[in-house]
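Shown next: start.cif, containing mmCIF, C-alpha atoms.
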data_data
loop_
_atom_site.label_atom_id
_atom_site.label_comp_id
_atom_site.auth_asym_id
_atom_site.auth_seq_id
_atom_site.Cartn_x
_atom_site.Cartn_y
_atom_site.Cartn_z
CA ASP A 250 0.00 0.00 0.00
CA MET A 251 1.05 3.69 -0.24
CA GLY A 252 1.93 4.16 3.44
CA ILE A 253 0.99 7.73 4.36
CA LEU A 254 -2.06 7.77 2.04
CA SER A 255 -3.35 4.58 3.62
CA TYR A 256 -2.84 6.03 7.09
CA LEU A 257 -4.77 9.20 6.19
CA GLU A 258 -7.59 7.17 4.61
CA GLU A 259 -7.95 4.99 7.72
CA ASN A 260 -7.99 7.94 10.12
CA THR A 261 -10.06 10.46 8.13
CA GLY A 262 -12.42 8.27 6.20
CA ILE A 263 -11.62 10.13 3.01
CA THR A 264 -10.35 8.24 -0.01
CA MET A 265 -7.12 10.12 -0.64
CA ARG A 266 -6.42 8.41 -3.97
CA GLY A 267 -9.59 9.90 -5.38
CA LEU A 268 -8.81 13.53 -4.50
CA TRP A 269 -8.23 15.67 -7.62
CA SER A 270 -5.25 17.44 -6.00
CA VAL A 271 -3.37 14.17 -5.47
CA LYS A 272 -4.04 13.14 -9.07
CA LEU A 273 -2.92 16.57 -10.30
CA ILE A 274 0.31 16.40 -8.30
CA GLY A 275 0.98 12.95 -9.73
CA LYS A 276 0.55 14.27 -13.26
CA LEU A 277 2.70 17.37 -12.68
CA ILE A 278 5.75 15.77 -11.04
CA ILE A 279 7.53 14.70 -14.24
CA PRO A 280 6.72 17.90 -16.24
CA SER A 281 7.86 19.99 -13.24
CA LEU A 282 11.16 18.14 -13.04
CA VAL A 283 11.71 18.54 -16.79
CA PHE A 284 10.87 22.26 -16.58
CA ALA A 285 13.26 22.77 -13.62
CA PHE A 286 16.03 21.00 -15.51
CA LEU A 287 15.44 23.13 -18.63
CA LEU A 288 15.42 26.29 -16.52
CA PHE A 289 18.71 25.33 -14.89
CA TRP A 290 20.23 24.44 -18.30
CA ILE A 291 19.21 27.78 -19.84
CA SER A 292 20.63 29.61 -16.80
CA THR A 293 24.12 28.30 -17.72
CA GLY A 294 23.95 30.77 -20.63
CA PHE A 295 23.75 33.80 -18.32
CA ILE A 296 27.23 35.27 -17.86
CA GLU A 297 28.18 38.23 -15.70
CA ILE A 298 31.34 40.10 -16.70
CA GLY A 299 32.71 42.29 -13.92
CA ALA A 300 34.22 45.76 -14.15
CA GLY A 301 37.73 45.67 -15.60
CA GLN A 302 37.09 42.30 -17.27
CA ARG A 303 36.33 41.03 -20.77
CA GLY A 304 34.87 37.67 -21.77
CA ALA A 305 36.17 35.49 -24.59
CA LEU A 306 33.04 33.91 -26.05
CA TYR A 307 33.22 30.50 -27.75
CA ASN A 308 30.14 29.31 -29.67
CA PHE A 309 30.34 25.68 -30.74
CA GLY A 310 34.07 25.82 -29.94
CA LYS A 311 34.79 28.82 -32.20
CA LEU A 312 36.10 32.06 -30.68
CA GLN A 313 33.89 35.03 -31.52
CA SER A 314 35.59 38.19 -32.78
CA GLU A 315 33.92 40.55 -30.31
CA PRO A 316 34.70 40.00 -26.61
CA LEU A 317 31.94 40.42 -24.04
CA GLU A 318 32.01 43.78 -22.26
CA PRO A 319 31.25 44.23 -18.54
CA GLY A 320 27.62 43.48 -17.69
CA LEU A 321 25.13 40.62 -17.85
CA HIS A 322 24.97 38.59 -21.07
CA LEU A 323 22.82 35.76 -22.39
CA THR A 324 24.89 33.28 -24.41
CA LEU A 325 24.36 29.76 -25.69
CA PRO A 326 23.98 27.37 -22.74
CA TRP A 327 26.52 24.68 -21.92
CA PRO A 328 27.94 22.76 -23.79
CA PHE A 329 27.24 24.81 -26.93
CA GLY A 330 28.59 28.06 -25.48
CA LYS A 331 31.59 28.76 -23.26
CA THR A 332 32.94 32.03 -21.85
CA VAL A 333 36.43 32.56 -20.42
CA ILE A 334 36.82 35.74 -18.37
CA TYR A 335 40.06 37.77 -18.43
CA ASN A 336 41.09 40.67 -16.16
CA THR A 337 42.01 43.05 -18.97
CA ASP A 338 42.30 46.21 -16.85
CA ALA A 339 44.54 44.66 -14.19
CA ALA A 340 48.29 45.00 -14.76
CA SER A 341 50.25 41.75 -14.99
CA THR A 342 54.02 41.54 -14.59
CA VAL A 343 56.89 39.71 -16.26
CA THR A 344 60.34 39.77 -14.64
CA ILE A 345 63.33 39.95 -16.95
CA GLY A 346 66.72 39.03 -15.53
CA TYR A 347 67.26 37.86 -11.97
CA ARG A 348 64.34 37.07 -9.71
CA SER A 349 65.10 38.03 -6.14
CA ASP A 350 64.31 35.42 -3.47
CA THR A 351 63.52 38.12 -0.93
CA SER A 352 61.87 41.51 -1.03
CA GLY A 353 63.85 44.68 -0.39
CA ASP A 354 67.16 46.02 -1.67
CA ASN A 355 69.79 43.78 -3.23
CA VAL A 356 73.35 43.69 -1.91
CA TRP A 357 76.02 44.05 -4.60
CA THR A 358 78.35 41.51 -2.97
CA GLN A 359 75.72 38.75 -3.07
CA THR A 360 73.93 37.01 -5.87
CA HIS A 361 70.56 38.61 -6.56
CA GLY A 362 68.53 35.49 -7.09
CA SER A 363 68.56 31.75 -7.57
CA GLU A 364 68.74 32.13 -11.35
CA GLU A 365 70.92 35.18 -11.93
CA TYR A 366 70.94 36.23 -15.57
CA GLU A 367 74.26 37.62 -16.81
CA LEU A 368 74.84 39.51 -20.05
CA LEU A 369 78.09 40.03 -21.91
CA LEU A 370 78.89 43.66 -22.62
CA GLY A 371 80.78 45.31 -25.46
CA GLY A 372 83.86 43.29 -26.30
CA GLY A 373 82.62 40.29 -24.32
CA GLU A 374 84.95 40.79 -21.34
CA GLU A 375 82.48 42.32 -18.90
CA LEU A 376 79.39 40.79 -17.33
CA VAL A 377 76.35 42.57 -15.96
CA SER A 378 73.19 41.36 -14.23
CA ILE A 379 70.03 43.14 -15.27
CA ASN A 380 66.58 43.13 -13.71
CA LEU A 381 63.51 44.62 -15.39
CA CYS A 382 59.93 44.38 -14.22
CA ILE A 383 57.57 44.72 -17.19
CA GLU A 384 53.94 45.57 -16.48
CA TYR A 385 51.37 44.97 -19.20
CA LYS A 386 47.64 44.90 -19.83
CA ILE A 387 45.60 43.10 -22.47
CA SER A 388 44.44 45.87 -24.80
CA ASP A 389 42.87 43.65 -27.49
CA LEU A 390 41.57 40.34 -26.14
CA HIS A 391 40.82 38.80 -29.55
CA THR A 392 44.33 39.53 -30.88
CA TYR A 393 45.82 38.30 -27.59
CA LEU A 394 44.07 34.93 -27.95
CA VAL A 395 44.27 34.37 -31.72
CA ASN A 396 47.72 35.44 -32.93
CA CYS A 397 49.96 33.68 -30.40
CA ALA A 398 49.61 30.49 -28.40
CA ARG A 399 51.70 31.86 -25.49
CA PRO A 400 51.71 35.68 -25.57
CA GLU A 401 53.48 36.04 -22.21
CA ALA A 402 56.33 33.84 -23.45
CA LEU A 403 56.57 35.97 -26.60
CA LEU A 404 56.68 39.14 -24.49
CA GLU A 405 59.44 37.69 -22.33
CA ALA A 406 61.48 36.50 -25.33
CA SER A 407 61.10 39.90 -27.04
CA ALA A 408 62.26 41.67 -23.87
CA TYR A 409 65.36 39.46 -23.53
CA GLU A 410 66.13 40.04 -27.21
CA LEU A 411 65.86 43.81 -26.70
CA VAL A 412 68.02 43.70 -23.55
CA ALA A 413 70.73 41.88 -25.50
CA GLU A 414 70.55 44.44 -28.32
CA LYS A 415 70.88 47.36 -25.88
CA THR A 416 73.82 45.91 -23.91
CA ILE A 417 75.96 44.19 -26.55
CA THR A 418 77.22 47.48 -27.99
CA THR A 419 78.07 49.16 -24.68
CA ASP A 420 80.48 48.78 -21.78
CA LEU A 421 79.97 48.66 -18.02
CA ASP A 422 80.89 52.31 -17.36
CA THR A 423 78.43 53.55 -19.97
CA LEU A 424 75.69 51.27 -18.73
CA LEU A 425 76.14 52.28 -15.09
CA SER A 426 76.03 55.98 -15.99
CA THR A 427 72.85 55.59 -18.06
CA ASP A 428 69.78 57.49 -16.87
CA ARG A 429 67.56 54.62 -15.71
CA ASP A 430 64.30 56.50 -16.25
CA GLN A 431 65.29 57.34 -19.82
CA PHE A 432 66.48 53.76 -20.38
CA ALA A 433 63.14 52.44 -19.15
CA ALA A 434 61.18 54.86 -21.34
CA ASP A 435 63.21 53.98 -24.46
CA PHE A 436 62.97 50.29 -23.63
CA MET A 437 59.17 50.52 -23.30
CA VAL A 438 58.83 52.24 -26.70
CA ASP A 439 61.06 49.67 -28.42
CA LEU A 440 59.33 46.72 -26.74
CA ARG A 441 55.90 48.00 -27.77
CA GLU A 442 57.16 48.24 -31.35
CA LYS A 443 58.46 44.65 -31.26
CA ILE A 444 55.15 43.35 -29.89
CA LYS A 445 53.22 45.36 -32.49
CA GLU A 446 55.35 43.88 -35.29
CA ARG A 447 54.48 40.41 -34.01
CA ASN A 448 50.77 41.32 -33.97
CA THR A 449 50.23 40.49 -30.32
#
Structure re-expressed in structure tokens:
Amino acid sequence: DMGILSYLEENTGITMRGLWSVKLIGKLIIPSLVFAFLLFWISTGFIEIGAGQRGALYNFGKLQSEPLEPGLHLTLPWPFGKTVIYNTDAASTVTIGYRSDTSGDNVWTQTHGSEEYELLLGGGEELVSINLCIEYKISDLHTYLVNCARPEALLEASAYELVAEKTITTDLDTLLSTDRDQFAADFMVDLREKIKERNT
């Protein structure tokens, strides 16, 4: 027997199986479950992009040319649509040269990091360790994703290439007397040009 229905029938004298509400509930259970599942599935297509972010939208596995701007968007539900969110307004960093194990000032008589990077200068008789911290933002998300499989690696390689170009024709005295602010500004301009040439 149906347990609780039988108990209610015995104690109330009402035939519970004959009530229209019980029959209606029985008929609505499966459609209600299907509707709830469909509602949940459609909700996977609602994407919220926060301030300072952009969304890379993939429809049927293909990247769309226009990234999603901040706000609420309705896209194709899973698995037909997929959105990957990137913090495009936040600055990311790449360290060129030695990576210090500790924060604070470096001491000249000690190595600056576990993987100190040394460059030959001028005639190849002098060595120098260089450290540059490059900050970057993603200005064009579509170009960032499409034109290079590993854009950060390309940025790092381009920076090392530029460092070598700028130090191979100089000597230690000239390098130490260089205005660091001017060097950084010139380096930034040249690095931007290299990245632009490589369409990244």
* Using the chain letters and numbering of this document, enumerate as a VMD selection string the residues selected by the PyMOL selection byres ((chain A and resi 298-311) around 7). => chain A and resid 296 to 297 312 to 313 316 to 321 329 to 338
* **Test item: the PyMOL selection byres ((chain A and resi 395) around 12) resolved as a PyMOL selection string** => chain A and resi 305+311-314+389-394+396-400+448-449
Find the axis-aligned box for stretch 384-395 of chain A, covering all its listed atoms and adding 4 Å on each side, and write its centre and edge lengths in Å to one decimal as lines of an AutoDock Vina configuration file.
center_x = 47.4
center_y = 40.1
center_z = -24.1
size_x = 21.1
size_y = 19.5
size_z = 23.2
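Using the PyMOL selection byres ((chain A and resi 291) around 10) on the file at hand returns these residues: Ala285, Phe286, Leu287, Leu288, Phe289, Trp290, Ser292, Thr293, Gly294, Phe295, Leu323, Thr324, Leu325, Pro326 and Trp327 of chain A.
If you measure from each of A:Ala340, A:Ala406, A:Ile417, A:Leu411 to A:Val377 using all atoms listed in the file, the closest one turns out to be A:Ile417.
Atom CA of A:Tyr256 sits 18.6 Å away from atom CA of A:Gly275.
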* Grab the atom CA of A:Ile444 to atom CA of A:Ala408 distance for me, in Å with one decimal place. => 9.5 Å
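Distance-wise, atom CA of A:Arg441 and atom CA of A:Glu410 end up 13.0 Å apart.
Residue nearest A:Asp439 within the list A:Ser407, A:Thr416, A:Thr427, A:Asn260: A:Ser407 [criterion: smallest interatomic distance, all atoms listed in the file].
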Can you fill out stretch 329-340 of chain A with all heavy atoms and hand it back as a tab-separated table (two decimals), keeping the file's coordinate frame?
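Saved the output as part_9.tsv:
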chain	number	residue	atom	x	y	z
A	329	PHE	N	27.13	24.14	-25.63
A	329	PHE	CA	27.24	24.81	-26.93
A	329	PHE	C	27.99	26.14	-26.83
A	329	PHE	O	28.61	26.58	-27.77
A	329	PHE	CB	25.85	25.04	-27.53
A	329	PHE	CG	25.04	23.78	-27.60
A	329	PHE	CD1	23.93	23.61	-26.78
A	329	PHE	CD2	25.39	22.75	-28.45
A	329	PHE	CE1	23.18	22.44	-26.83
A	329	PHE	CE2	24.65	21.58	-28.51
A	329	PHE	CZ	23.54	21.42	-27.70
A	330	GLY	N	27.91	26.79	-25.68
A	330	GLY	CA	28.59	28.06	-25.48
A	330	GLY	C	29.52	28.00	-24.28
A	330	GLY	O	29.24	27.29	-23.30
A	331	LYS	N	30.62	28.73	-24.36
A	331	LYS	CA	31.59	28.76	-23.26
A	331	LYS	C	32.18	30.17	-23.21
A	331	LYS	O	32.47	30.76	-24.24
A	331	LYS	CB	32.69	27.73	-23.50
A	331	LYS	CG	33.81	27.76	-22.48
A	331	LYS	CD	34.91	26.80	-22.87
A	331	LYS	CE	36.13	26.94	-21.97
A	331	LYS	NZ	37.26	26.11	-22.42
A	332	THR	N	32.35	30.70	-22.02
A	332	THR	CA	32.94	32.03	-21.85
A	332	THR	C	34.11	31.94	-20.87
A	332	THR	O	33.97	31.38	-19.78
A	332	THR	CB	31.90	33.02	-21.31
A	332	THR	OG1	30.78	33.07	-22.20
A	332	THR	CG2	32.50	34.42	-21.20
A	333	VAL	N	35.25	32.48	-21.29
A	333	VAL	CA	36.43	32.56	-20.42
A	333	VAL	C	36.65	34.03	-20.09
A	333	VAL	O	36.76	34.85	-21.00
A	333	VAL	CB	37.68	31.96	-21.10
A	333	VAL	CG1	38.88	32.03	-20.16
A	333	VAL	CG2	37.41	30.52	-21.53
A	334	ILE	N	36.71	34.35	-18.82
A	334	ILE	CA	36.82	35.74	-18.37
A	334	ILE	C	38.28	36.10	-18.09
A	334	ILE	O	39.00	35.34	-17.45
A	334	ILE	CB	35.95	35.97	-17.12
A	334	ILE	CG1	34.48	35.72	-17.46
A	334	ILE	CG2	36.13	37.39	-16.58
A	334	ILE	CD1	33.54	35.77	-16.28
A	335	TYR	N	38.70	37.27	-18.61
A	335	TYR	CA	40.06	37.77	-18.43
A	335	TYR	C	40.02	39.14	-17.74
A	335	TYR	O	39.16	39.96	-18.04
A	335	TYR	CB	40.78	37.91	-19.78
A	335	TYR	CG	41.08	36.60	-20.45
A	335	TYR	CD1	40.12	35.99	-21.26
A	335	TYR	CD2	42.30	35.97	-20.29
A	335	TYR	CE1	40.39	34.77	-21.88
A	335	TYR	CE2	42.58	34.76	-20.91
A	335	TYR	CZ	41.62	34.17	-21.71
A	335	TYR	OH	41.88	32.98	-22.33
A	336	ASN	N	40.97	39.37	-16.83
A	336	ASN	CA	41.09	40.67	-16.16
A	336	ASN	C	41.93	41.58	-17.05
A	336	ASN	O	43.16	41.66	-16.91
A	336	ASN	CB	41.73	40.52	-14.78
A	336	ASN	CG	40.84	39.79	-13.82
A	336	ASN	OD1	39.65	40.05	-13.74
A	336	ASN	ND2	41.40	38.84	-13.07
A	337	THR	N	41.29	42.25	-17.98
A	337	THR	CA	42.01	43.05	-18.97
A	337	THR	C	42.49	44.39	-18.43
A	337	THR	O	43.41	44.98	-18.99
A	337	THR	CB	41.13	43.28	-20.21
A	337	THR	OG1	39.88	43.85	-19.79
A	337	THR	CG2	40.86	41.98	-20.93
A	338	ASP	N	41.88	44.91	-17.38
A	338	ASP	CA	42.30	46.21	-16.85
A	338	ASP	C	43.33	46.08	-15.73
A	338	ASP	O	43.92	47.08	-15.32
A	338	ASP	CB	41.08	46.98	-16.32
A	338	ASP	CG	40.23	47.55	-17.45
A	338	ASP	OD1	40.62	47.34	-18.63
A	338	ASP	OD2	39.19	48.17	-17.17
A	339	ALA	N	43.55	44.87	-15.26
A	339	ALA	CA	44.54	44.66	-14.19
A	339	ALA	C	45.92	44.47	-14.82
A	339	ALA	O	46.08	43.76	-15.80
A	339	ALA	CB	44.18	43.45	-13.36
A	340	ALA	N	46.92	45.12	-14.24
A	340	ALA	CA	48.29	45.00	-14.76
A	340	ALA	C	48.90	43.67	-14.32
A	340	ALA	O	48.82	43.30	-13.15
A	340	ALA	CB	49.14	46.16	-14.27
